[in-house]
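Shown here: upload28.pdb, PDB, C-alpha atoms.
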```pdb
ATOM      1  CA  MET R  21    -126.219  69.209  -5.454
ATOM      2  CA  PRO R  22    -127.869  65.817  -6.116
ATOM      3  CA  ASP R  23    -131.572  65.526  -5.263
ATOM      4  CA  LYS R  24    -131.736  64.188  -1.702
ATOM      5  CA  LYS R  25    -134.933  62.153  -2.095
ATOM      6  CA  ALA R  26    -133.816  60.531  -5.361
ATOM      7  CA  LEU R  27    -130.409  59.715  -3.907
ATOM      8  CA  THR R  28    -131.975  58.267  -0.758
ATOM      9  CA  GLU R  29    -134.239  56.047  -2.843
ATOM     10  CA  ARG R  30    -131.310  54.760  -4.912
ATOM     11  CA  ILE R  31    -129.285  54.008  -1.783
ATOM     12  CA  ARG R  32    -132.219  52.139  -0.288
ATOM     13  CA  ALA R  33    -132.681  50.206  -3.527
ATOM     14  CA  TYR R  34    -129.042  49.040  -3.529
ATOM     15  CA  GLN R  35    -129.189  48.213   0.178
ATOM     16  CA  PHE R  36    -132.259  46.075  -0.486
ATOM     17  CA  ALA R  37    -130.662  44.425  -3.538
ATOM     18  CA  LEU R  38    -127.616  43.485  -1.446
ATOM     19  CA  TYR R  39    -129.861  42.161   1.309
ATOM     20  CA  ASP R  40    -131.927  40.082  -1.109
ATOM     21  CA  LEU R  41    -128.729  38.774  -2.693
ATOM     22  CA  ALA R  42    -127.588  37.727   0.800
ATOM     23  CA  LEU R  43    -130.559  35.331   1.048
ATOM     24  CA  PHE R  44    -129.578  33.827  -2.316
ATOM     25  CA  GLN R  45    -125.962  33.487  -1.201
ATOM     26  CA  ASP R  46    -127.034  31.702   1.976
ATOM     27  CA  THR R  47    -128.249  28.820  -0.182
ATOM     28  CA  HIS R  48    -125.614  29.304  -2.941
ATOM     29  CA  PRO R  49    -122.419  30.125  -1.013
ATOM     30  CA  ASN R  50    -120.118  29.019  -3.844
ATOM     31  CA  GLU R  51    -121.845  30.759  -6.744
ATOM     32  CA  GLU R  52    -119.271  33.053  -8.405
ATOM     33  CA  ASP R  53    -121.882  35.021 -10.431
ATOM     34  CA  ALA R  54    -123.526  36.072  -7.176
ATOM     35  CA  ASN R  55    -120.181  37.120  -5.712
ATOM     36  CA  GLN R  56    -119.489  39.239  -8.798
ATOM     37  CA  LEU R  57    -122.947  40.822  -8.592
ATOM     38  CA  ARG R  58    -122.333  41.586  -4.913
ATOM     39  CA  LYS R  59    -119.099  43.391  -5.814
ATOM     40  CA  ILE R  60    -120.891  45.455  -8.485
ATOM     41  CA  TYR R  61    -123.696  46.426  -6.076
ATOM     42  CA  GLN R  62    -121.221  47.213  -3.288
ATOM     43  CA  LYS R  63    -119.215  49.483  -5.581
ATOM     44  CA  LYS R  64    -122.361  51.275  -6.729
ATOM     45  CA  LEU R  65    -123.615  51.658  -3.158
ATOM     46  CA  THR R  66    -120.264  53.080  -2.041
ATOM     47  CA  GLU R  67    -120.414  55.662  -4.850
ATOM     48  CA  LEU R  68    -123.960  56.653  -3.909
ATOM     49  CA  MET R  69    -123.060  56.863  -0.214
ATOM     50  CA  ASP R  70    -120.069  59.062  -1.013
ATOM     51  CA  ALA R  71    -122.311  61.337  -3.102
ATOM     52  CA  TYR R  72    -124.890  61.491  -0.293
ATOM     53  CA  GLU R  73    -122.397  62.116   2.474
ATOM     54  CA  GLY R  74    -120.483  64.691   0.413
ATOM     55  CA  ALA R  75    -123.685  66.676  -0.016
ATOM     56  CA  TYR R  76    -125.719  66.021   3.120
ATOM     57  CA  GLY R  77    -123.426  64.636   5.828
ATOM     58  CA  GLU R  78    -123.251  61.163   7.317
ATOM     59  CA  TRP R  79    -125.868  58.493   6.533
ATOM     60  CA  ILE R  80    -126.797  56.998   9.863
ATOM     61  CA  THR R  81    -129.756  54.819  10.793
ATOM     62  CA  THR R  82    -128.520  53.175  13.959
ATOM     63  CA  HIS R  83    -127.557  54.293  17.445
ATOM     64  CA  ASN R  84    -125.777  51.062  18.328
ATOM     65  CA  ASP R  85    -122.975  51.454  15.828
ATOM     66  CA  LEU R  86    -119.826  50.968  17.912
ATOM     67  CA  THR R  87    -117.733  53.276  15.740
ATOM     68  CA  ALA R  88    -117.746  57.067  15.755
ATOM     69  CA  ASN R  89    -120.612  56.785  13.226
ATOM     70  CA  ALA R  90    -123.239  56.337  15.938
ATOM     71  CA  ILE R  91    -126.034  58.875  15.711
ATOM     72  CA  PRO R  92    -126.010  61.560  18.445
ATOM     73  CA  TRP R  93    -128.624  60.692  21.114
ATOM     74  CA  LYS R  94    -130.492  63.931  20.692
ATOM     75  CA  GLU R  95    -131.042  63.158  17.008
ATOM     76  CA  TRP R  96    -131.887  59.538  17.755
ATOM     77  CA  VAL R  97    -134.750  60.449  20.060
ATOM     78  CA  GLU R  98    -135.979  63.615  18.374
ATOM     79  CA  ASN R  99    -135.915  62.703  14.681
ATOM     80  CA  PRO R 100    -139.022  61.053  13.194
ATOM     81  CA  TRP R 101    -139.571  57.339  13.794
ATOM     82  CA  PRO R 102    -140.069  55.051  10.808
ATOM     83  CA  TRP R 103    -143.730  54.339  11.506
ATOM     84  CA  ASP R 104    -144.592  58.046  11.428
ATOM     85  CA  ASN R 105    -145.719  59.295   8.028
ATOM     86  CA  ASP R 106    -143.110  60.774   5.684
ATOM     87  CA  THR R 107    -140.162  59.769   7.765
ATOM     88  CA  LYS R 108    -136.824  60.396   6.052
ATOM     89  CA  GLU R 109    -134.497  57.576   7.086
ATOM     90  CA  GLY R 110    -134.860  58.634  10.677
ATOM     91  CA  LYS R 111    -132.971  61.817   9.877
TER      92      LYS R 111
ATOM     93  CA  MET G  13    -127.433  39.635  18.719
ATOM     94  CA  TRP G  14    -129.175  42.249  16.693
ATOM     95  CA  GLN G  15    -128.924  45.900  15.776
ATOM     96  CA  TYR G  16    -131.908  48.109  15.094
ATOM     97  CA  GLU G  17    -131.972  50.353  12.029
ATOM     98  CA  LYS G  18    -134.256  53.344  12.280
ATOM     99  CA  LYS G  19    -135.976  52.788   8.950
ATOM    100  CA  LEU G  20    -138.690  50.583   7.470
ATOM    101  CA  GLN G  21    -137.688  47.946   4.913
ATOM    102  CA  PHE G  22    -140.491  49.373   2.755
ATOM    103  CA  PRO G  23    -141.957  52.845   3.404
ATOM    104  CA  VAL G  24    -145.475  53.254   4.817
ATOM    105  CA  ASN G  25    -147.168  56.631   4.304
ATOM    106  CA  ILE G  26    -150.955  56.300   4.590
ATOM    107  CA  LYS G  27    -153.022  59.450   4.138
ATOM    108  CA  ASN G  28    -156.513  58.139   5.023
ATOM    109  CA  THR G  29    -157.347  56.273   8.215
ATOM    110  CA  ASN G  30    -159.451  53.112   7.980
ATOM    111  CA  PRO G  31    -159.960  51.238  11.280
ATOM    112  CA  ALA G  32    -162.065  48.497   9.645
ATOM    113  CA  LEU G  33    -159.058  47.613   7.467
ATOM    114  CA  ALA G  34    -156.653  47.854  10.419
ATOM    115  CA  LYS G  35    -158.656  45.173  12.222
ATOM    116  CA  LEU G  36    -158.048  42.804   9.278
ATOM    117  CA  ILE G  37    -154.404  43.685   8.562
ATOM    118  CA  ILE G  38    -153.384  43.170  12.227
ATOM    119  CA  SER G  39    -153.695  39.450  11.427
ATOM    120  CA  GLN G  40    -150.382  39.630   9.573
ATOM    121  CA  TYR G  41    -148.794  40.786  12.825
ATOM    122  CA  GLY G  42    -150.222  38.295  15.316
ATOM    123  CA  GLY G  43    -152.507  35.972  13.352
ATOM    124  CA  PRO G  44    -151.979  32.263  12.595
ATOM    125  CA  ASP G  45    -149.857  32.976   9.500
ATOM    126  CA  GLY G  46    -148.537  36.376  10.547
ATOM    127  CA  GLU G  47    -145.041  37.818  10.677
ATOM    128  CA  ALA G  48    -144.540  37.350  14.436
ATOM    129  CA  GLY G  49    -145.067  33.609  14.117
ATOM    130  CA  ALA G  50    -142.886  33.490  11.021
ATOM    131  CA  SER G  51    -139.966  35.172  12.760
ATOM    132  CA  LEU G  52    -140.205  33.028  15.905
ATOM    133  CA  ARG G  53    -140.580  29.871  13.825
ATOM    134  CA  TYR G  54    -137.396  30.451  11.814
ATOM    135  CA  LEU G  55    -135.322  31.855  14.651
ATOM    136  CA  SER G  56    -136.356  28.875  16.839
ATOM    137  CA  GLN G  57    -135.678  26.234  14.196
ATOM    138  CA  ARG G  58    -132.199  27.399  13.196
ATOM    139  CA  TYR G  59    -130.291  25.981  16.201
ATOM    140  CA  THR G  60    -130.704  22.325  15.318
ATOM    141  CA  MET G  61    -130.204  22.745  11.570
ATOM    142  CA  PRO G  62    -127.338  20.475  10.449
ATOM    143  CA  TYR G  63    -125.802  22.671   7.715
ATOM    144  CA  GLY G  64    -124.437  26.226   7.670
ATOM    145  CA  GLU G  65    -126.575  27.232   4.678
ATOM    146  CA  LEU G  66    -129.721  26.366   6.667
ATOM    147  CA  LYS G  67    -128.592  28.215   9.789
ATOM    148  CA  GLY G  68    -127.792  31.186   7.532
ATOM    149  CA  ILE G  69    -131.079  31.307   5.646
ATOM    150  CA  LEU G  70    -133.205  30.827   8.789
ATOM    151  CA  THR G  71    -131.274  33.559  10.618
ATOM    152  CA  ASP G  72    -131.578  36.024   7.753
ATOM    153  CA  ILE G  73    -135.228  35.332   6.902
ATOM    154  CA  GLY G  74    -136.168  35.210  10.611
ATOM    155  CA  THR G  75    -134.559  38.640  10.947
ATOM    156  CA  GLU G  76    -136.328  39.995   7.852
ATOM    157  CA  GLU G  77    -139.664  38.880   9.345
ATOM    158  CA  LEU G  78    -138.995  41.235  12.261
ATOM    159  CA  ALA G  79    -138.722  44.048   9.706
ATOM    160  CA  HIS G  80    -142.012  42.828   8.226
ATOM    161  CA  LEU G  81    -143.893  42.891  11.495
ATOM    162  CA  GLU G  82    -142.655  46.466  11.882
ATOM    163  CA  ILE G  83    -144.166  47.293   8.457
ATOM    164  CA  VAL G  84    -147.487  45.630   9.350
ATOM    165  CA  SER G  85    -147.503  47.482  12.679
ATOM    166  CA  ALA G  86    -146.808  50.799  10.917
ATOM    167  CA  ILE G  87    -149.761  50.167   8.577
ATOM    168  CA  VAL G  88    -152.119  49.425  11.496
ATOM    169  CA  TYR G  89    -150.779  52.395  13.474
ATOM    170  CA  GLN G  90    -151.322  54.832  10.612
ATOM    171  CA  LEU G  91    -154.771  53.424   9.755
ATOM    172  CA  THR G  92    -155.986  54.057  13.323
ATOM    173  CA  LYS G  93    -154.688  57.563  14.016
ATOM    174  CA  ASN G  94    -156.960  60.351  15.306
ATOM    175  CA  LEU G  95    -160.117  58.211  15.456
ATOM    176  CA  THR G  96    -163.371  59.558  16.889
ATOM    177  CA  PRO G  97    -165.721  57.396  19.005
ATOM    178  CA  GLU G  98    -168.246  57.574  16.153
ATOM    179  CA  GLU G  99    -165.702  56.213  13.673
ATOM    180  CA  ILE G 100    -164.763  53.444  16.102
ATOM    181  CA  MET G 101    -168.391  52.369  16.556
ATOM    182  CA  ALA G 102    -169.192  52.579  12.825
ATOM    183  CA  SER G 103    -166.121  50.639  11.634
ATOM    184  CA  GLY G 104    -166.293  47.454  13.682
ATOM    185  CA  PHE G 105    -163.056  48.447  15.409
ATOM    186  CA  ALA G 106    -164.801  48.780  18.798
ATOM    187  CA  PRO G 107    -163.899  45.301  20.157
ATOM    188  CA  TYR G 108    -160.177  45.826  19.460
ATOM    189  CA  TYR G 109    -160.377  49.398  20.767
ATOM    190  CA  THR G 110    -162.005  48.231  23.996
ATOM    191  CA  ASP G 111    -159.112  45.907  24.813
ATOM    192  CA  HIS G 112    -156.167  47.829  23.316
ATOM    193  CA  THR G 113    -157.257  51.438  22.502
ATOM    194  CA  THR G 114    -155.081  51.976  19.391
ATOM    195  CA  GLY G 115    -152.069  50.103  20.766
ATOM    196  CA  ILE G 116    -150.458  47.511  18.488
ATOM    197  CA  TYR G 117    -151.232  44.054  19.865
ATOM    198  CA  PRO G 118    -150.436  40.702  18.187
ATOM    199  CA  VAL G 119    -153.847  39.275  17.440
ATOM    200  CA  ALA G 120    -155.647  37.558  14.547
ATOM    201  CA  ALA G 121    -158.335  39.268  12.467
ATOM    202  CA  SER G 122    -160.771  36.807  14.031
ATOM    203  CA  GLY G 123    -159.791  38.005  17.540
ATOM    204  CA  GLU G 124    -157.545  35.270  18.962
ATOM    205  CA  ALA G 125    -154.350  36.523  20.584
ATOM    206  CA  PHE G 126    -151.019  35.446  19.114
ATOM    207  CA  SER G 127    -150.099  31.865  19.993
ATOM    208  CA  ALA G 128    -146.891  29.870  19.538
ATOM    209  CA  SER G 129    -149.168  26.883  18.861
ATOM    210  CA  THR G 130    -149.525  28.267  15.307
ATOM    211  CA  PHE G 131    -146.021  27.008  14.462
ATOM    212  CA  GLN G 132    -143.614  24.151  15.052
ATOM    213  CA  SER G 133    -139.937  23.543  15.678
ATOM    214  CA  THR G 134    -139.438  19.802  15.390
ATOM    215  CA  GLY G 135    -135.652  19.393  15.312
ATOM    216  CA  ASP G 136    -136.020  17.459  12.057
ATOM    217  CA  PRO G 137    -134.725  19.550   9.128
ATOM    218  CA  ILE G 138    -136.932  17.980   6.443
ATOM    219  CA  THR G 139    -140.028  18.472   8.591
ATOM    220  CA  ASP G 140    -139.094  22.020   9.612
ATOM    221  CA  LEU G 141    -138.245  23.122   6.062
ATOM    222  CA  ASN G 142    -141.541  21.733   4.746
ATOM    223  CA  GLU G 143    -143.307  23.665   7.504
ATOM    224  CA  ASP G 144    -141.417  26.794   6.408
ATOM    225  CA  LEU G 145    -142.425  26.329   2.761
ATOM    226  CA  ALA G 146    -146.068  25.971   3.856
ATOM    227  CA  ALA G 147    -145.759  29.012   6.148
ATOM    228  CA  GLU G 148    -144.624  31.237   3.285
ATOM    229  CA  GLN G 149    -147.522  30.086   1.095
ATOM    230  CA  LYS G 150    -150.053  30.570   3.916
ATOM    231  CA  ALA G 151    -148.789  34.113   4.452
ATOM    232  CA  ARG G 152    -148.920  34.742   0.694
ATOM    233  CA  THR G 153    -152.560  33.566   0.653
ATOM    234  CA  THR G 154    -153.388  35.904   3.541
ATOM    235  CA  TYR G 155    -151.813  38.854   1.684
ATOM    236  CA  ASP G 156    -153.816  37.874  -1.420
ATOM    237  CA  ASN G 157    -156.983  37.793   0.707
ATOM    238  CA  LEU G 158    -156.217  41.248   2.103
ATOM    239  CA  LEU G 159    -155.320  42.714  -1.306
ATOM    240  CA  ARG G 160    -158.770  41.733  -2.628
ATOM    241  CA  LEU G 161    -160.323  43.900   0.080
ATOM    242  CA  VAL G 162    -158.042  46.954  -0.145
ATOM    243  CA  ASP G 163    -158.451  49.799  -2.650
ATOM    244  CA  ASP G 164    -156.170  52.411  -1.062
ATOM    245  CA  PRO G 165    -152.871  52.477  -3.038
ATOM    246  CA  ASP G 166    -151.012  53.699   0.082
ATOM    247  CA  VAL G 167    -151.962  50.418   1.793
ATOM    248  CA  ARG G 168    -151.672  48.181  -1.262
ATOM    249  CA  ALA G 169    -148.032  49.122  -1.966
ATOM    250  CA  PRO G 170    -146.535  47.739   1.278
ATOM    251  CA  LEU G 171    -148.889  44.720   1.179
ATOM    252  CA  HIS G 172    -147.676  43.961  -2.357
ATOM    253  CA  PHE G 173    -144.071  44.217  -1.225
ATOM    254  CA  LEU G 174    -144.703  41.838   1.689
ATOM    255  CA  ARG G 175    -146.514  39.370  -0.589
ATOM    256  CA  GLU G 176    -143.527  39.328  -2.945
ATOM    257  CA  ARG G 177    -141.158  38.593  -0.084
ATOM    258  CA  GLU G 178    -143.210  35.476   0.827
ATOM    259  CA  ILE G 179    -142.562  34.168  -2.680
ATOM    260  CA  VAL G 180    -138.811  34.900  -2.508
ATOM    261  CA  HIS G 181    -138.561  33.209   0.897
ATOM    262  CA  TYR G 182    -140.443  30.179  -0.433
ATOM    263  CA  GLN G 183    -137.854  29.907  -3.204
ATOM    264  CA  ARG G 184    -134.930  30.100  -0.728
ATOM    265  CA  PHE G 185    -136.482  27.496   1.590
ATOM    266  CA  GLY G 186    -137.002  25.222  -1.420
ATOM    267  CA  GLU G 187    -133.285  25.489  -2.131
ATOM    268  CA  GLY G 188    -132.575  24.766   1.535
ATOM    269  CA  LEU G 189    -134.681  21.604   1.356
ATOM    270  CA  ARG G 190    -132.936  20.529  -1.849
ATOM    271  CA  LEU G 191    -129.449  20.971  -0.457
ATOM    272  CA  THR G 192    -130.549  18.992   2.605
ATOM    273  CA  THR G 193    -131.841  16.027   0.610
ATOM    274  CA  ASP G 194    -128.749  16.227  -1.642
ATOM    275  CA  ARG G 195    -126.686  15.310   1.423
ATOM    276  CA  LEU G 196    -128.931  12.425   2.497
ATOM    277  CA  ASN G 197    -129.377   8.901   1.184
ATOM    278  CA  SER G 198    -131.167   9.362  -2.151
ATOM    279  CA  LYS G 199    -132.898   5.977  -1.731
ATOM    280  CA  ASN G 200    -134.393   7.020   1.610
ATOM    281  CA  PHE G 201    -134.252  10.638   2.758
ATOM    282  CA  TYR G 202    -135.844   9.529   6.026
ATOM    283  CA  ALA G 203    -133.307   6.817   6.943
ATOM    284  CA  PHE G 204    -132.069   9.061   9.766
ATOM    285  CA  ASN G 205    -132.483  12.583  11.106
ATOM    286  CA  PRO G 206    -129.180  14.415  10.403
ATOM    287  CA  SER G 207    -129.857  16.738  13.342
ATOM    288  CA  PHE G 208    -130.316  13.925  15.871
ATOM    289  CA  ASP G 209    -129.139  10.498  14.760
ATOM    290  CA  LYS G 210    -125.389  10.120  14.424
TER     291      LYS G 210
END
```

Structure re-expressed in structure tokens:
Amino acid sequence: MPDKKALTERIRAYQFALYDLALFQDTHPNEEDANQLRKIYQKKLTELMDAYEGAYGEWITTHNDLTANAIPWKEWVENPWPWDNDTKEGK
Amino acid sequence: MWQYEKKLQFPVNIKNTNPALAKLIISQYGGPDGEAGASLRYLSQRYTMPYGELKGILTDIGTEELAHLEIVSAIVYQLTKNLTPEEIMASGFAPYYTDHTTGIYPVAASGEAFSASTFQSTGDPITDLNEDLAAEQKARTTYDNLLRLVDDPDVRAPLHFLREREIVHYQRFGEGLRLTTDRLNSKNFYAFNPSFDK
């Protein structure tokens, strides 16, 4: 079983890297290196997500996902909120 | 429209309260160079931008600033938990407490409430992008000012992260300005306003 905290941190790191890359791609929409880097990060993130979800169940941080992935309301309201200390991804 | 994610962009886990510090850090929520003004500035300016890259960068950075004001709010919230009246009186937090208890209110460290008059949306892309470049540097200066006053590593870590983001945003806005001038008359960037004059 992979370490949950370490896995969570790696997922968050790749999510942030993809987000930061998005800002770069806003001003460099035709840059092929950035597109390649995005593909590498996306692949890595998918692998990490699969590892997380295989071990710990679905990774969900939103209640307004329109797919079946939306978090159950009971969990949404009862799980810790991000501004409380030691929150774990709202889970 | 937007979706909310139940997580902070950078974690905030502060062990020791410090209301005196909270009263200073709240400035990056509602002060003259704070995150609330940053977000409203960019999200207001994006409509009249003439190029897709500029609409894109202002939308994405304006959205990230919302995540930043959530981080600043989380810092202030955690610094002011479980306070006693004695701590409030001793820390200089009493004026804020009198008006807001420990609620999160957009206000400057010097006490003025948040005001839209701290930013502009001119409908002129060169003017707006120069304002945005200045805004990122002003926010970076404010984070530098705060970091000189803060010893607690639990508070320094998110402030450092936010300071770094100001520098990244400055870089992206610089690119936005360059790709704007690249599409204008190189002999006179100001010959016309590409958002208004046809």

Check your understanding: Applied to the shown file, which residues does the ChimeraX specification (/R :<10) & /G return, written as an MDAnalysis selection string?
Key -> chainID G and resid 14:27 64:73 76 82:90 177 180:181 183:191

**Study point:** Residue nearest Ser207 (chain G) among G:Ala50, G:Asp111, G:Met101, G:Pro137 (counting only C-alpha atoms)
**Key:**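 Using only C-alpha atoms, the shortest distance to Ser207 (chain G) belongs to G:Pro137.
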
Point to revise | Separation of CA of Gly43 (chain G) from CA of Pro118 (chain G), in Å and rounded to one decimal | key: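 We find that CA of Gly43 (chain G) and CA of Pro118 (chain G) lie 7.1 Å from each other.
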
Check your understanding: Could you state the separation of CA of Phe208 (chain G) and CA of Arg195 (chain G) in Å, given to one decimal place?
Key ->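 Calculated distance between CA of Phe208 (chain G) and CA of Arg195 (chain G) is 15.0 Å.
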
Check your understanding: How far is it from CA of Leu161 (chain G) to CA of Leu33 (chain G), in Å with one decimal?
Key ->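 Computing it gives 8.4 Å between the two atoms.
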
Padded axis-aligned box of region 126-141 of chain G (8 Å per side), centre and edge lengths, Å, one decimal, as lines of an AutoDock Vina configuration file:
```
center_x = -142.9
center_y = 26.5
center_z = 13.0
size_x = 32.3
size_y = 34.0
size_z = 29.9
```

Exercise for review: Tell me, as JSON, numbers by chain, which residues lie within 10 Å of Met69 (chain R), counting only C-alpha atoms; anything in the same chain fewer than 5 positions away does not count.
Suggested key: {"R": [27, 28, 30, 31, 63, 64, 74, 75, 77, 78, 79]}

Take the residues from that selection and write them out as a PDB file, keeping the file's coordinate frame, keeping C-alpha atoms.
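again-v3.pdb written:
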```pdb
ATOM      1  CA  LEU R  27    -130.409  59.715  -3.907  1.00  0.00           C
ATOM      2  CA  THR R  28    -131.975  58.267  -0.758  1.00  0.00           C
ATOM      3  CA  ARG R  30    -131.310  54.760  -4.912  1.00  0.00           C
ATOM      4  CA  ILE R  31    -129.285  54.008  -1.783  1.00  0.00           C
ATOM      5  CA  LYS R  63    -119.215  49.483  -5.581  1.00  0.00           C
ATOM      6  CA  LYS R  64    -122.361  51.275  -6.729  1.00  0.00           C
ATOM      7  CA  GLY R  74    -120.483  64.691   0.413  1.00  0.00           C
ATOM      8  CA  ALA R  75    -123.685  66.676  -0.016  1.00  0.00           C
ATOM      9  CA  GLY R  77    -123.426  64.636   5.828  1.00  0.00           C
ATOM     10  CA  GLU R  78    -123.251  61.163   7.317  1.00  0.00           C
ATOM     11  CA  TRP R  79    -125.868  58.493   6.533  1.00  0.00           C
TER      12      TRP R  79
END
```

Which residues are near Phe126 (chain G)? Cut-off 12 Å, all atoms listed in the file, ignore same chain within fewer than 3 positions. Put them as a PDB file with C-alpha atoms, in the coordinates of the input.
```pdb
ATOM      1  CA  ILE G  38    -153.384  43.170  12.227  1.00  0.00           C
ATOM      2  CA  SER G  39    -153.695  39.450  11.427  1.00  0.00           C
ATOM      3  CA  GLN G  40    -150.382  39.630   9.573  1.00  0.00           C
ATOM      4  CA  TYR G  41    -148.794  40.786  12.825  1.00  0.00           C
ATOM      5  CA  GLY G  42    -150.222  38.295  15.316  1.00  0.00           C
ATOM      6  CA  GLY G  43    -152.507  35.972  13.352  1.00  0.00           C
ATOM      7  CA  PRO G  44    -151.979  32.263  12.595  1.00  0.00           C
ATOM      8  CA  ASP G  45    -149.857  32.976   9.500  1.00  0.00           C
ATOM      9  CA  GLY G  46    -148.537  36.376  10.547  1.00  0.00           C
ATOM     10  CA  GLU G  47    -145.041  37.818  10.677  1.00  0.00           C
ATOM     11  CA  ALA G  48    -144.540  37.350  14.436  1.00  0.00           C
ATOM     12  CA  GLY G  49    -145.067  33.609  14.117  1.00  0.00           C
ATOM     13  CA  ALA G  50    -142.886  33.490  11.021  1.00  0.00           C
ATOM     14  CA  LEU G  52    -140.205  33.028  15.905  1.00  0.00           C
ATOM     15  CA  TYR G 117    -151.232  44.054  19.865  1.00  0.00           C
ATOM     16  CA  PRO G 118    -150.436  40.702  18.187  1.00  0.00           C
ATOM     17  CA  VAL G 119    -153.847  39.275  17.440  1.00  0.00           C
ATOM     18  CA  ALA G 120    -155.647  37.558  14.547  1.00  0.00           C
ATOM     19  CA  ALA G 121    -158.335  39.268  12.467  1.00  0.00           C
ATOM     20  CA  SER G 122    -160.771  36.807  14.031  1.00  0.00           C
ATOM     21  CA  GLY G 123    -159.791  38.005  17.540  1.00  0.00           C
ATOM     22  CA  SER G 129    -149.168  26.883  18.861  1.00  0.00           C
ATOM     23  CA  THR G 130    -149.525  28.267  15.307  1.00  0.00           C
ATOM     24  CA  PHE G 131    -146.021  27.008  14.462  1.00  0.00           C
TER      25      PHE G 131
END
```

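Nearest residue to Ala106 (chain G), choosing from G:Ala32, G:Gln149, G:Phe204, G:Ile138 and counting all atoms listed in the file: G:Ala32.
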
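Proximity of G:Met61, G:Ile179, G:Leu95, G:Ile116 to Thr139 (chain G), computed with all atoms listed in the file, is greatest for G:Met61.
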
Taking (-159.7, 58.2, 11.0) in the file's coordinates as the center, which residues reach within 7 Å of it, counting all atoms listed in the file, put as a compact mmCIF listing (two decimals) with C-alpha atoms, in the coordinates of the input?
```
# COMPACT_ATOMS: atom_id res chain seq x y z
CA ASN G 28 -156.51 58.14 5.02
CA THR G 29 -157.35 56.27 8.22
CA ASN G 30 -159.45 53.11 7.98
CA PRO G 31 -159.96 51.24 11.28
CA LEU G 91 -154.77 53.42 9.76
CA THR G 92 -155.99 54.06 13.32
CA LYS G 93 -154.69 57.56 14.02
CA ASN G 94 -156.96 60.35 15.31
CA LEU G 95 -160.12 58.21 15.46
CA GLU G 99 -165.70 56.21 13.67
```

**Study point:** Residue among R:Ile91, R:Ala54, R:Leu38, R:Leu68 lying closest to Ala26 (chain R), counting all atoms listed in the file
**Key:** R:Leu68
